[in-house]
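Structure record follows, encoded as structure tokens.
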Amino acid sequence: MAASSLYSTAIAVSLVLLFILQHDACAFQSGSRILNQRRYAALVSIQSATDGDTIDSMFGPRVDDGEDEVLYSDDDDSGSDWGAPSAPPAEPKKEKSMSRWGSLNPKIKARIVKDAQERAIRNKKKREPAEAKKRRLYSQYREMQRKSKFDTYVTREKPTHDKSRTMLADLNPGETLPGRVISLTNFGAYVDIGSEVDGLLHVSQISRDEFVDHPRKFLSPGDDVEVRIVRLDPGAKKLQLTMLPEEVLNEENVLNKHMIDEDEDDRIQLDEIEVDDELWGEIRRVTDYGAYIELGAVVRGFMHFMDHPLFGEVKGAHPNEFMRVGDRVRVWVLDVDATQKRIKLTANRPSGLPGPRREVKWI
């Protein structure tokens, strides 16, 4: 009788579960796969219990006082339909933490903002038109040029309009005076010696040890130097200075040659000199590249050291070893430049000139 009652109960439960599974199949498939698996396992367990005589064969002997304990309930407290998927549990609210930007040091923030602005400006400049970029770069160049020129200004001990400055008429050639370099040019430097005008220190009067292509190689604006007066003209307000030592000045006769008031009409003019003309002269100055020769013309001639007959006899010899100041040499004119007032000379007889004429006497 008990087995028949148990069998009837199992059949009823099975019918109810099958009806529920067919009615809510869609809800189970989309809502809760794990719950369907559990219910299906329960159905199989209940059907298998029909093979035994008692309920203990399926669950074992009872160990409690006979009261059933509800372990699982499908009732929904929210009042929704049975079997519908339940809403996910709400996540616990997290405390609002400070953002990474808000936790940064103010100095770091300012630096990041500045870098971003500079990067934006650079990107904008990359996209600017060519004409605008050209104008901008030209403005920057002019500003740099103006600043560079301003930096070269030298402060004078006395203003140029100061009445306490020495007049040129009170100075004499040969005097040695302290001075300060005011500015540099391609051909020399202007030096303030406290006179009414600045004196010109030509590049040829700076050094004899090596060739001076530009005065910035030896001088800079603001340098204090000791110079000697070579020549002055109070009427034309001109003053010529030198830094050469006294022995060099005496050897090249730099001071005395300016004391002689020679009439330029007595000197040879450039239009009177032609190529291949034979002249005699005196070496006045020797450099790393050659020698300057006094010819009696309005300008001195220049002879390259490779145009000297003794060049090549001693390998690597300096020009001053075979060309000395004061030597008289015979030279020929290679070129005359009236525009730049230059005379190029050679000590080797040109091959195009005819040789000495020989007379043959017949007996």
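Numbering starts fresh at 1 for the residues of each chain in the structure tokens, the chains themselves are lettered A, B, ... in the order given, and ligands are numbered from 1 as they appear.
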
What residues in region 179-229 of chain A get the DSSP label strand (DSSP E)? Please answer as a PDB file with N, CA, C and O atoms, in the first residue's frame.
ATOM      1  N   GLY A 179      94.642 100.989 -25.662  1.00  0.00           N
ATOM      2  CA  GLY A 179      93.370 101.170 -26.358  1.00  0.00           C
ATOM      3  C   GLY A 179      92.417 100.025 -26.070  1.00  0.00           C
ATOM      4  O   GLY A 179      92.782  99.024 -25.456  1.00  0.00           O
ATOM      5  N   ARG A 180      91.195 100.188 -26.534  1.00  0.00           N
ATOM      6  CA  ARG A 180      90.153  99.177 -26.369  1.00  0.00           C
ATOM      7  C   ARG A 180      89.473  98.934 -27.717  1.00  0.00           C
ATOM      8  O   ARG A 180      89.087  99.882 -28.402  1.00  0.00           O
ATOM      9  N   VAL A 181      89.353  97.653 -28.073  1.00  0.00           N
ATOM     10  CA  VAL A 181      88.736  97.294 -29.344  1.00  0.00           C
ATOM     11  C   VAL A 181      87.242  97.602 -29.271  1.00  0.00           C
ATOM     12  O   VAL A 181      86.536  97.121 -28.380  1.00  0.00           O
ATOM     13  N   ILE A 182      86.758  98.408 -30.227  1.00  0.00           N
ATOM     14  CA  ILE A 182      85.360  98.805 -30.255  1.00  0.00           C
ATOM     15  C   ILE A 182      84.549  97.903 -31.179  1.00  0.00           C
ATOM     16  O   ILE A 182      83.477  97.414 -30.812  1.00  0.00           O
ATOM     17  N   SER A 183      85.035  97.663 -32.376  1.00  0.00           N
ATOM     18  CA  SER A 183      84.292  96.851 -33.347  1.00  0.00           C
ATOM     19  C   SER A 183      85.274  96.188 -34.286  1.00  0.00           C
ATOM     20  O   SER A 183      86.440  96.598 -34.401  1.00  0.00           O
ATOM     21  N   LEU A 184      84.781  95.143 -34.978  1.00  0.00           N
ATOM     22  CA  LEU A 184      85.578  94.378 -35.927  1.00  0.00           C
ATOM     23  C   LEU A 184      84.951  94.466 -37.307  1.00  0.00           C
ATOM     24  O   LEU A 184      83.726  94.498 -37.443  1.00  0.00           O
ATOM     25  N   GLY A 188      89.845  94.830 -40.644  1.00  0.00           N
ATOM     26  CA  GLY A 188      90.586  95.247 -39.469  1.00  0.00           C
ATOM     27  C   GLY A 188      89.689  95.476 -38.271  1.00  0.00           C
ATOM     28  O   GLY A 188      88.567  94.973 -38.208  1.00  0.00           O
ATOM     29  N   ALA A 189      90.194  96.279 -37.325  1.00  0.00           N
ATOM     30  CA  ALA A 189      89.463  96.581 -36.095  1.00  0.00           C
ATOM     31  C   ALA A 189      89.623  98.059 -35.778  1.00  0.00           C
ATOM     32  O   ALA A 189      90.666  98.670 -36.060  1.00  0.00           O
ATOM     33  N   TYR A 190      88.574  98.615 -35.182  1.00  0.00           N
ATOM     34  CA  TYR A 190      88.608 100.001 -34.738  1.00  0.00           C
ATOM     35  C   TYR A 190      88.878 100.022 -33.241  1.00  0.00           C
ATOM     36  O   TYR A 190      88.199  99.342 -32.467  1.00  0.00           O
ATOM     37  N   VAL A 191      89.896 100.826 -32.869  1.00  0.00           N
ATOM     38  CA  VAL A 191      90.377 100.853 -31.490  1.00  0.00           C
ATOM     39  C   VAL A 191      90.226 102.266 -30.945  1.00  0.00           C
ATOM     40  O   VAL A 191      90.574 103.253 -31.614  1.00  0.00           O
ATOM     41  N   ASP A 192      89.707 102.371 -29.738  1.00  0.00           N
ATOM     42  CA  ASP A 192      89.561 103.651 -29.045  1.00  0.00           C
ATOM     43  C   ASP A 192      90.787 103.865 -28.165  1.00  0.00           C
ATOM     44  O   ASP A 192      91.011 103.115 -27.212  1.00  0.00           O
ATOM     45  N   GLY A 199      90.941 104.726 -34.019  1.00  0.00           N
ATOM     46  CA  GLY A 199      91.997 104.358 -34.949  1.00  0.00           C
ATOM     47  C   GLY A 199      91.716 103.027 -35.627  1.00  0.00           C
ATOM     48  O   GLY A 199      91.076 102.141 -35.049  1.00  0.00           O
ATOM     49  N   LEU A 200      92.198 102.902 -36.869  1.00  0.00           N
ATOM     50  CA  LEU A 200      92.017 101.659 -37.635  1.00  0.00           C
ATOM     51  C   LEU A 200      93.255 100.785 -37.477  1.00  0.00           C
ATOM     52  O   LEU A 200      94.368 101.207 -37.793  1.00  0.00           O
ATOM     53  N   LEU A 201      93.024  99.572 -36.988  1.00  0.00           N
ATOM     54  CA  LEU A 201      94.078  98.563 -36.892  1.00  0.00           C
ATOM     55  C   LEU A 201      93.856  97.570 -38.025  1.00  0.00           C
ATOM     56  O   LEU A 201      92.989  96.706 -37.948  1.00  0.00           O
ATOM     57  N   HIS A 202      94.653  97.697 -39.092  1.00  0.00           N
ATOM     58  CA  HIS A 202      94.466  96.857 -40.276  1.00  0.00           C
ATOM     59  C   HIS A 202      94.891  95.418 -39.974  1.00  0.00           C
ATOM     60  O   HIS A 202      95.715  95.164 -39.076  1.00  0.00           O
ATOM     61  N   ASP A 224      91.356  94.871 -24.322  1.00  0.00           N
ATOM     62  CA  ASP A 224      92.315  95.962 -24.096  1.00  0.00           C
ATOM     63  C   ASP A 224      93.629  95.596 -24.768  1.00  0.00           C
ATOM     64  O   ASP A 224      94.203  94.526 -24.507  1.00  0.00           O
ATOM     65  N   VAL A 225      94.129  96.468 -25.633  1.00  0.00           N
ATOM     66  CA  VAL A 225      95.347  96.221 -26.400  1.00  0.00           C
ATOM     67  C   VAL A 225      96.279  97.425 -26.282  1.00  0.00           C
ATOM     68  O   VAL A 225      95.870  98.512 -25.865  1.00  0.00           O
ATOM     69  N   GLU A 226      97.497  97.190 -26.654  1.00  0.00           N
ATOM     70  CA  GLU A 226      98.504  98.258 -26.712  1.00  0.00           C
ATOM     71  C   GLU A 226      98.917  98.436 -28.163  1.00  0.00           C
ATOM     72  O   GLU A 226      99.388  97.492 -28.798  1.00  0.00           O
ATOM     73  N   VAL A 227      98.724  99.624 -28.676  1.00  0.00           N
ATOM     74  CA  VAL A 227      98.954  99.899 -30.090  1.00  0.00           C
ATOM     75  C   VAL A 227      99.931 101.065 -30.242  1.00  0.00           C
ATOM     76  O   VAL A 227     100.195 101.818 -29.290  1.00  0.00           O
ATOM     77  N   ARG A 228     100.417 101.175 -31.467  1.00  0.00           N
ATOM     78  CA  ARG A 228     101.339 102.263 -31.808  1.00  0.00           C
ATOM     79  C   ARG A 228     100.782 103.009 -33.011  1.00  0.00           C
ATOM     80  O   ARG A 228     100.243 102.408 -33.936  1.00  0.00           O
ATOM     81  N   ILE A 229     100.957 104.332 -32.977  1.00  0.00           N
ATOM     82  CA  ILE A 229     100.454 105.155 -34.070  1.00  0.00           C
ATOM     83  C   ILE A 229     101.402 105.042 -35.262  1.00  0.00           C
ATOM     84  O   ILE A 229     102.616 105.246 -35.131  1.00  0.00           O
TER      85      ILE A 229
END

Inset, instruction - Would you mind listing what lies within 10 Å of Arg208 (chain A) as a list in words, with only C-alpha atoms counted and same-chain residues fewer than 6 positions away left out? - result: Met243, Leu244, Pro245, Val248, Arg285, Val286, Thr287 and Asp288 of chain A

Inset, instruction - Considering only C-alpha atoms, state which residue in the set A:Val230, A:Leu171, A:Val154, A:Leu219 is at the smallest distance from Thr185 (chain A). - result: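 Between A:Val230, A:Leu171, A:Val154, A:Leu219, the residue approaching Thr185 (chain A) most closely is A:Leu219.
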
Residues at most 12 Å from region 308-325 of chain A, counting only C-alpha atoms, excluding those fewer than 4 positions away in the same chain, as a PDB file with N, CA, C and O atoms, in the first residue's frame?
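As written to disk, part34.pdb reads:
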ATOM      1  N   ARG A 208     102.605  88.908 -37.457  1.00  0.00           N
ATOM      2  CA  ARG A 208     103.467  88.405 -38.528  1.00  0.00           C
ATOM      3  C   ARG A 208     103.751  86.920 -38.366  1.00  0.00           C
ATOM      4  O   ARG A 208     104.363  86.299 -39.239  1.00  0.00           O
ATOM      5  N   ASP A 209     103.310  86.342 -37.261  1.00  0.00           N
ATOM      6  CA  ASP A 209     103.568  84.925 -37.031  1.00  0.00           C
ATOM      7  C   ASP A 209     102.714  84.039 -37.928  1.00  0.00           C
ATOM      8  O   ASP A 209     103.157  82.962 -38.323  1.00  0.00           O
ATOM      9  N   GLU A 210     101.512  84.466 -38.231  1.00  0.00           N
ATOM     10  CA  GLU A 210     100.629  83.698 -39.103  1.00  0.00           C
ATOM     11  C   GLU A 210      99.713  84.638 -39.867  1.00  0.00           C
ATOM     12  O   GLU A 210      99.542  85.804 -39.503  1.00  0.00           O
ATOM     13  N   VAL A 248     109.994  94.357 -35.918  1.00  0.00           N
ATOM     14  CA  VAL A 248     109.341  94.152 -37.207  1.00  0.00           C
ATOM     15  C   VAL A 248     109.079  95.489 -37.886  1.00  0.00           C
ATOM     16  O   VAL A 248     109.250  95.634 -39.103  1.00  0.00           O
ATOM     17  N   LEU A 249     108.679  96.488 -37.098  1.00  0.00           N
ATOM     18  CA  LEU A 249     108.435  97.807 -37.667  1.00  0.00           C
ATOM     19  C   LEU A 249     109.715  98.406 -38.244  1.00  0.00           C
ATOM     20  O   LEU A 249     109.704  99.019 -39.320  1.00  0.00           O
ATOM     21  N   ASN A 250     110.815  98.227 -37.543  1.00  0.00           N
ATOM     22  CA  ASN A 250     112.085  98.751 -38.057  1.00  0.00           C
ATOM     23  C   ASN A 250     112.547  97.975 -39.282  1.00  0.00           C
ATOM     24  O   ASN A 250     113.097  98.541 -40.233  1.00  0.00           O
ATOM     25  N   GLU A 251     112.315  96.672 -39.294  1.00  0.00           N
ATOM     26  CA  GLU A 251     112.755  95.855 -40.416  1.00  0.00           C
ATOM     27  C   GLU A 251     111.976  96.184 -41.685  1.00  0.00           C
ATOM     28  O   GLU A 251     112.555  96.252 -42.774  1.00  0.00           O
ATOM     29  N   GLU A 252     110.683  96.399 -41.549  1.00  0.00           N
ATOM     30  CA  GLU A 252     109.852  96.680 -42.708  1.00  0.00           C
ATOM     31  C   GLU A 252     109.722  98.175 -42.990  1.00  0.00           C
ATOM     32  O   GLU A 252     109.052  98.571 -43.944  1.00  0.00           O
ATOM     33  N   ASN A 253     110.322  98.991 -42.153  1.00  0.00           N
ATOM     34  CA  ASN A 253     110.296 100.436 -42.347  1.00  0.00           C
ATOM     35  C   ASN A 253     108.849 100.955 -42.411  1.00  0.00           C
ATOM     36  O   ASN A 253     108.501 101.797 -43.244  1.00  0.00           O
ATOM     37  N   VAL A 254     108.027 100.443 -41.516  1.00  0.00           N
ATOM     38  CA  VAL A 254     106.617 100.794 -41.538  1.00  0.00           C
ATOM     39  C   VAL A 254     106.388 102.236 -41.124  1.00  0.00           C
ATOM     40  O   VAL A 254     105.587 102.962 -41.720  1.00  0.00           O
ATOM     41  N   GLY A 281     112.125  95.457 -57.585  1.00  0.00           N
ATOM     42  CA  GLY A 281     111.478  95.883 -56.354  1.00  0.00           C
ATOM     43  C   GLY A 281     112.179  95.361 -55.114  1.00  0.00           C
ATOM     44  O   GLY A 281     113.166  94.619 -55.199  1.00  0.00           O
ATOM     45  N   GLU A 282     111.639  95.753 -53.972  1.00  0.00           N
ATOM     46  CA  GLU A 282     112.209  95.374 -52.676  1.00  0.00           C
ATOM     47  C   GLU A 282     111.113  94.699 -51.843  1.00  0.00           C
ATOM     48  O   GLU A 282     109.992  95.202 -51.748  1.00  0.00           O
ATOM     49  N   ILE A 283     111.483  93.557 -51.265  1.00  0.00           N
ATOM     50  CA  ILE A 283     110.521  92.826 -50.436  1.00  0.00           C
ATOM     51  C   ILE A 283     110.320  93.599 -49.139  1.00  0.00           C
ATOM     52  O   ILE A 283     111.271  93.902 -48.422  1.00  0.00           O
ATOM     53  N   ARG A 284     109.045  93.917 -48.858  1.00  0.00           N
ATOM     54  CA  ARG A 284     108.711  94.679 -47.647  1.00  0.00           C
ATOM     55  C   ARG A 284     108.047  93.809 -46.576  1.00  0.00           C
ATOM     56  O   ARG A 284     108.176  94.107 -45.396  1.00  0.00           O
ATOM     57  N   ARG A 285     107.350  92.761 -46.985  1.00  0.00           N
ATOM     58  CA  ARG A 285     106.666  91.916 -45.993  1.00  0.00           C
ATOM     59  C   ARG A 285     106.501  90.513 -46.541  1.00  0.00           C
ATOM     60  O   ARG A 285     106.160  90.336 -47.715  1.00  0.00           O
ATOM     61  N   VAL A 286     106.749  89.506 -45.657  1.00  0.00           N
ATOM     62  CA  VAL A 286     106.629  88.093 -46.021  1.00  0.00           C
ATOM     63  C   VAL A 286     105.531  87.471 -45.162  1.00  0.00           C
ATOM     64  O   VAL A 286     105.503  87.637 -43.939  1.00  0.00           O
ATOM     65  N   THR A 287     104.629  86.748 -45.810  1.00  0.00           N
ATOM     66  CA  THR A 287     103.529  86.070 -45.119  1.00  0.00           C
ATOM     67  C   THR A 287     103.613  84.571 -45.399  1.00  0.00           C
ATOM     68  O   THR A 287     104.555  84.084 -46.043  1.00  0.00           O
ATOM     69  N   ASP A 288     102.603  83.831 -44.912  1.00  0.00           N
ATOM     70  CA  ASP A 288     102.554  82.389 -45.151  1.00  0.00           C
ATOM     71  C   ASP A 288     102.297  82.062 -46.613  1.00  0.00           C
ATOM     72  O   ASP A 288     102.543  80.930 -47.041  1.00  0.00           O
ATOM     73  N   TYR A 289     101.815  83.032 -47.395  1.00  0.00           N
ATOM     74  CA  TYR A 289     101.439  82.767 -48.780  1.00  0.00           C
ATOM     75  C   TYR A 289     102.367  83.423 -49.795  1.00  0.00           C
ATOM     76  O   TYR A 289     102.298  83.098 -50.978  1.00  0.00           O
ATOM     77  N   GLY A 290     103.208  84.328 -49.365  1.00  0.00           N
ATOM     78  CA  GLY A 290     104.093  84.991 -50.319  1.00  0.00           C
ATOM     79  C   GLY A 290     104.682  86.256 -49.736  1.00  0.00           C
ATOM     80  O   GLY A 290     104.823  86.392 -48.514  1.00  0.00           O
ATOM     81  N   ALA A 291     105.005  87.201 -50.623  1.00  0.00           N
ATOM     82  CA  ALA A 291     105.669  88.428 -50.195  1.00  0.00           C
ATOM     83  C   ALA A 291     105.064  89.622 -50.913  1.00  0.00           C
ATOM     84  O   ALA A 291     104.622  89.524 -52.066  1.00  0.00           O
ATOM     85  N   TYR A 292     105.044  90.771 -50.198  1.00  0.00           N
ATOM     86  CA  TYR A 292     104.628  92.041 -50.777  1.00  0.00           C
ATOM     87  C   TYR A 292     105.885  92.816 -51.168  1.00  0.00           C
ATOM     88  O   TYR A 292     106.801  92.974 -50.345  1.00  0.00           O
ATOM     89  N   ILE A 293     105.881  93.318 -52.390  1.00  0.00           N
ATOM     90  CA  ILE A 293     107.090  93.925 -52.972  1.00  0.00           C
ATOM     91  C   ILE A 293     106.779  95.371 -53.331  1.00  0.00           C
ATOM     92  O   ILE A 293     105.755  95.672 -53.969  1.00  0.00           O
ATOM     93  N   GLU A 294     107.680  96.266 -52.894  1.00  0.00           N
ATOM     94  CA  GLU A 294     107.578  97.687 -53.235  1.00  0.00           C
ATOM     95  C   GLU A 294     108.185  97.894 -54.618  1.00  0.00           C
ATOM     96  O   GLU A 294     109.379  97.638 -54.831  1.00  0.00           O
ATOM     97  N   PHE A 302     102.143  91.710 -55.191  1.00  0.00           N
ATOM     98  CA  PHE A 302     102.175  90.486 -54.393  1.00  0.00           C
ATOM     99  C   PHE A 302     102.726  89.350 -55.241  1.00  0.00           C
ATOM    100  O   PHE A 302     102.289  89.132 -56.380  1.00  0.00           O
ATOM    101  N   MET A 303     103.694  88.610 -54.662  1.00  0.00           N
ATOM    102  CA  MET A 303     104.283  87.464 -55.336  1.00  0.00           C
ATOM    103  C   MET A 303     104.044  86.220 -54.481  1.00  0.00           C
ATOM    104  O   MET A 303     104.455  86.175 -53.314  1.00  0.00           O
ATOM    105  N   HIS A 304     103.370  85.231 -55.062  1.00  0.00           N
ATOM    106  CA  HIS A 304     103.118  83.981 -54.345  1.00  0.00           C
ATOM    107  C   HIS A 304     104.425  83.219 -54.188  1.00  0.00           C
ATOM    108  O   HIS A 304     105.332  83.311 -55.027  1.00  0.00           O
ATOM    109  N   VAL A 329     114.614  92.122 -55.769  1.00  0.00           N
ATOM    110  CA  VAL A 329     114.284  91.031 -56.676  1.00  0.00           C
ATOM    111  C   VAL A 329     113.839  91.612 -58.012  1.00  0.00           C
ATOM    112  O   VAL A 329     113.344  92.741 -58.098  1.00  0.00           O
ATOM    113  N   ARG A 330     114.063  90.795 -59.048  1.00  0.00           N
ATOM    114  CA  ARG A 330     113.552  91.143 -60.373  1.00  0.00           C
ATOM    115  C   ARG A 330     112.303  90.303 -60.623  1.00  0.00           C
ATOM    116  O   ARG A 330     112.329  89.076 -60.492  1.00  0.00           O
ATOM    117  N   VAL A 331     111.258  90.986 -60.995  1.00  0.00           N
ATOM    118  CA  VAL A 331     109.966  90.328 -61.144  1.00  0.00           C
ATOM    119  C   VAL A 331     109.335  90.716 -62.471  1.00  0.00           C
ATOM    120  O   VAL A 331     109.747  91.692 -63.123  1.00  0.00           O
ATOM    121  N   TRP A 332     108.338  89.893 -62.859  1.00  0.00           N
ATOM    122  CA  TRP A 332     107.548  90.160 -64.054  1.00  0.00           C
ATOM    123  C   TRP A 332     106.077  90.214 -63.654  1.00  0.00           C
ATOM    124  O   TRP A 332     105.644  89.514 -62.726  1.00  0.00           O
ATOM    125  N   LEU A 345     102.682  89.320 -59.247  1.00  0.00           N
ATOM    126  CA  LEU A 345     104.047  89.247 -59.761  1.00  0.00           C
ATOM    127  C   LEU A 345     104.544  87.811 -59.729  1.00  0.00           C
ATOM    128  O   LEU A 345     103.990  86.940 -59.062  1.00  0.00           O
ATOM    129  N   THR A 346     105.656  87.604 -60.468  1.00  0.00           N
ATOM    130  CA  THR A 346     106.389  86.342 -60.457  1.00  0.00           C
ATOM    131  C   THR A 346     107.864  86.625 -60.649  1.00  0.00           C
ATOM    132  O   THR A 346     108.239  87.591 -61.322  1.00  0.00           O
ATOM    133  N   ALA A 347     108.698  85.779 -60.024  1.00  0.00           N
ATOM    134  CA  ALA A 347     110.145  85.915 -60.174  1.00  0.00           C
ATOM    135  C   ALA A 347     110.695  84.984 -61.237  1.00  0.00           C
ATOM    136  O   ALA A 347     111.907  84.972 -61.491  1.00  0.00           O
ATOM    137  N   ASN A 348     109.825  84.200 -61.874  1.00  0.00           N
ATOM    138  CA  ASN A 348     110.235  83.315 -62.962  1.00  0.00           C
ATOM    139  C   ASN A 348     109.948  83.997 -64.299  1.00  0.00           C
ATOM    140  O   ASN A 348     108.846  84.520 -64.517  1.00  0.00           O
ATOM    141  N   ARG A 349     110.930  83.975 -65.171  1.00  0.00           N
ATOM    142  CA  ARG A 349     110.760  84.634 -66.468  1.00  0.00           C
ATOM    143  C   ARG A 349     109.666  83.919 -67.250  1.00  0.00           C
ATOM    144  O   ARG A 349     109.709  82.683 -67.418  1.00  0.00           O
TER     145      ARG A 349
END

Inset, instruction - Give the alpha helix (DSSP H) residues of region 153-345 of chain A, as assigned by DSSP on the backbone, as a PyMOL selection string. - result: chain A and resi 246-252

Inset, instruction - May I have the residues within 10 Å of Leu168 (chain A) as a PyMOL selection string, using only C-alpha atoms and disregarding those fewer than 4 positions away in the same chain? - result: chain A and resi 172+195-197+232-235+237-239

Legend entry - Coordinates-based distance that separates CA of Ile121 (chain A) from CA of Tyr138 (chain A) (Å, one decimal):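 Here the two named atoms are 18.4 Å from each other.
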